[in-house]
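Chemist: Dumping the structure here so I can ask a few things about it.
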Amino acid sequence: MGKVISFFLILITTAFGGDYPEHVSKTLKKIEKDIYGVFGVYEQVSYKNRGFISNAYFVITDEGVVVIDALSTYKLGKELVETIKKVSSKPIKFAVITHYHTDHFYGVGAFKEVGAVAIAHEWADEYVSKESSWNFYEARKKILKDHMDGTKMESTHITIDSGLKINLGKETIVVRQFCKGHTAGDIMVWIPEKKVLFGGDIVFDGRLPFLGSGFSKSWLKCLDKILELKPKYLLPGHGKPMLTEKRILDRVRWTRKYISDLRNTIRKMIEEGRDLDYIRDNINTALIEIDPMYAQVPVFFDVNPVNAYYVYFEIENELIEEGQ
Ligand SMILES: [Zn+2]
């Protein structure tokens, strides 16, 4: 496990943006009537960016507000609460966490304290009970220092195994695990009436997906599910929202291609007898040979070998299961 953690820690600090809002509200954007988002910078966590590297969204209904994701720290969560209050006087009723990665749930305390019911996949309980998660929490405190004040690592009020529906005002909001992808406990939030999908970290616009939890095979099913839903808007956990069907289709297909290229290449290398070190050292060149466009993707050179590290073990297990 120590090796796994150190891989997380060497995850690059490449800047792509570098504009640091002093309050979450500075990034507020209206997506459409009653749906808003706040947008963190496209970077890894640093003291300078205060950990504001992810997005969060909120939906206003007649009877209250539903928040999707809680940002990286208690302080940022509180800023999001303040931001919501500027837009709506309705109470915050629910805070749904798309997955238990630090930049999406560390701020959950700020929503609990204003009376919101916090919801996540049941994997959240497992996550907070793991020693490695606490090591990560300590590491995060070292980077963010005072920005972490008030941040607790905690689970939610409700955990779900497959899904639930929130009926609030006239709105029906579906909270569902469609598949295992980015983590064992990904959930997406879907508003069928409006055809708006909050996708967590399954698809990004212009950034490499992070495959560190080892579910690359079923990730492909998440992508199929998105295509099946045919969302009008796809609102991701990082980076730009995808606001046309064409863009969504393009990004889903691109994500599918990347994951498939990576999986196929690693499989081939294993079958050729290559070891993990070789694969990690050569995976960037191998993928760029397949498609030179990979070299243009921000953070490709740093994240791709880390992805390869995790997918290697996944494919090795698949090969054992296949009896090779
Ligand atoms: Zn994540």
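Just remember, in the structure tokens the first chain shown is A, the second B, etc., residues are 1-based per chain, and ligands are 1-based in the order shown.
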Around ligand 1, at most 8 Å away and counting only C-alpha atoms and all ligand atoms, which residues are there? Put them as a list in words, please.

Modeler: His99, Tyr100, His101, Thr102, Asp103, His104, His182, Thr183, Gly200, Asp201, Phe210 and Gly237 of chain A

Chemist: With only C-alpha atoms as the counted atoms, please give the residues lying no more than 8 Å from range 243-250 of chain A, apart from itself and same-chain residues fewer than 4 positions off, as a count of residues only.

Modeler: 7

Chemist: Which residues, written as a PDB file with C-alpha atoms, in the first residue's frame, have at least one atom at most 6 Å from range 116-131 of chain A, with only C-alpha atoms counted and residues fewer than 2 positions away on the same chain left out?

Modeler:
ATOM      1  CA  ILE A  92     -29.870  23.376   1.657  1.00  0.00           C
ATOM      2  CA  LYS A  93     -31.588  20.012   1.999  1.00  0.00           C
ATOM      3  CA  PHE A  94     -29.155  17.521   0.514  1.00  0.00           C
ATOM      4  CA  ALA A  95     -25.449  17.285  -0.271  1.00  0.00           C
ATOM      5  CA  VAL A  96     -24.676  14.413  -2.642  1.00  0.00           C
ATOM      6  CA  ILE A  97     -21.047  13.323  -2.909  1.00  0.00           C
ATOM      7  CA  TYR A 100     -15.056   9.643  -1.919  1.00  0.00           C
ATOM      8  CA  PHE A 111     -23.275  21.211   4.611  1.00  0.00           C
ATOM      9  CA  LYS A 112     -24.052  18.949   7.550  1.00  0.00           C
ATOM     10  CA  VAL A 114     -26.460  23.860   8.012  1.00  0.00           C
ATOM     11  CA  SER A 133      -7.134   7.383   3.769  1.00  0.00           C
ATOM     12  CA  TRP A 134      -5.955   8.771   7.086  1.00  0.00           C
ATOM     13  CA  SER A 155     -18.750   9.757   6.099  1.00  0.00           C
ATOM     14  CA  THR A 156     -22.245  10.930   5.196  1.00  0.00           C
ATOM     15  CA  HIS A 157     -25.659  10.540   6.891  1.00  0.00           C
ATOM     16  CA  ILE A 158     -26.937   8.158   4.250  1.00  0.00           C
ATOM     17  CA  THR A 159     -24.953   5.732   2.135  1.00  0.00           C
ATOM     18  CA  ILE A 160     -26.545   3.962  -0.793  1.00  0.00           C
ATOM     19  CA  ASP A 161     -25.634   0.754  -2.558  1.00  0.00           C
ATOM     20  CA  GLY A 185     -18.255   4.066  -5.144  1.00  0.00           C
TER      21      GLY A 185
END

Chemist: So that I can see what lies close to range 16-31 of chain A, please list as a compact mmCIF listing (two decimals) with N, CA and C atoms, in the first residue's frame the residues with an atom at most 8 Å from it, counting only C-alpha atoms and leaving out residues fewer than 5 positions away in the same chain.

Modeler:
# COMPACT_ATOMS: atom_id res chain seq x y z
N TYR A 36 -26.64 25.76 -10.97
CA TYR A 36 -25.43 26.57 -10.91
C TYR A 36 -24.21 25.69 -10.65
N GLY A 37 -23.05 26.22 -11.00
CA GLY A 37 -21.80 25.51 -10.70
C GLY A 37 -20.73 26.47 -10.19
N VAL A 38 -19.79 25.93 -9.41
CA VAL A 38 -18.56 26.67 -9.08
C VAL A 38 -17.39 25.82 -9.56
N PHE A 39 -16.34 26.47 -10.00
CA PHE A 39 -15.32 25.76 -10.77
C PHE A 39 -13.91 26.00 -10.24
N GLY A 40 -13.30 24.94 -9.74
CA GLY A 40 -11.93 25.02 -9.25
C GLY A 40 -10.93 25.07 -10.41
N VAL A 41 -9.69 25.39 -10.07
CA VAL A 41 -8.66 25.45 -11.12
C VAL A 41 -8.27 24.04 -11.57
N TYR A 42 -7.67 23.97 -12.74
CA TYR A 42 -7.31 22.69 -13.35
C TYR A 42 -5.92 22.28 -12.89
N GLU A 43 -5.76 21.97 -11.63
CA GLU A 43 -4.44 21.68 -11.08
C GLU A 43 -4.53 20.59 -10.04
N LYS A 48 -1.23 27.32 -2.65
CA LYS A 48 -1.66 28.50 -3.41
C LYS A 48 -3.12 28.41 -3.86
N ASN A 49 -3.53 27.24 -4.35
CA ASN A 49 -4.91 27.13 -4.85
C ASN A 49 -5.90 26.76 -3.75
N PHE A 52 -8.80 24.32 -4.05
CA PHE A 52 -9.98 24.55 -4.90
C PHE A 52 -9.66 24.10 -6.33
N LEU A 76 -13.73 25.70 2.07
CA LEU A 76 -14.29 25.84 0.72
C LEU A 76 -15.77 25.46 0.71
N GLU A 79 -17.63 28.32 1.96
CA GLU A 79 -17.75 29.36 0.91
C GLU A 79 -18.84 28.99 -0.09
N LEU A 80 -18.96 27.70 -0.34
CA LEU A 80 -20.02 27.28 -1.25
C LEU A 80 -21.40 27.51 -0.61
N GLU A 82 -22.09 29.86 1.47
CA GLU A 82 -22.29 31.33 1.35
C GLU A 82 -22.72 31.71 -0.07
N THR A 83 -22.10 31.04 -1.03
CA THR A 83 -22.41 31.31 -2.43
C THR A 83 -23.87 30.97 -2.74
N PRO A 298 -3.27 18.00 -21.62
CA PRO A 298 -2.61 18.47 -20.40
C PRO A 298 -2.40 17.33 -19.41

Chemist: Which value, in Å to one decimal, gives the distance between CA of Ser213 in chain A and CA of Asn135 in chain A?

Modeler: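 Computed distance, CA of Ser213 in chain A to CA of Asn135 in chain A, equals 16.8 Å.
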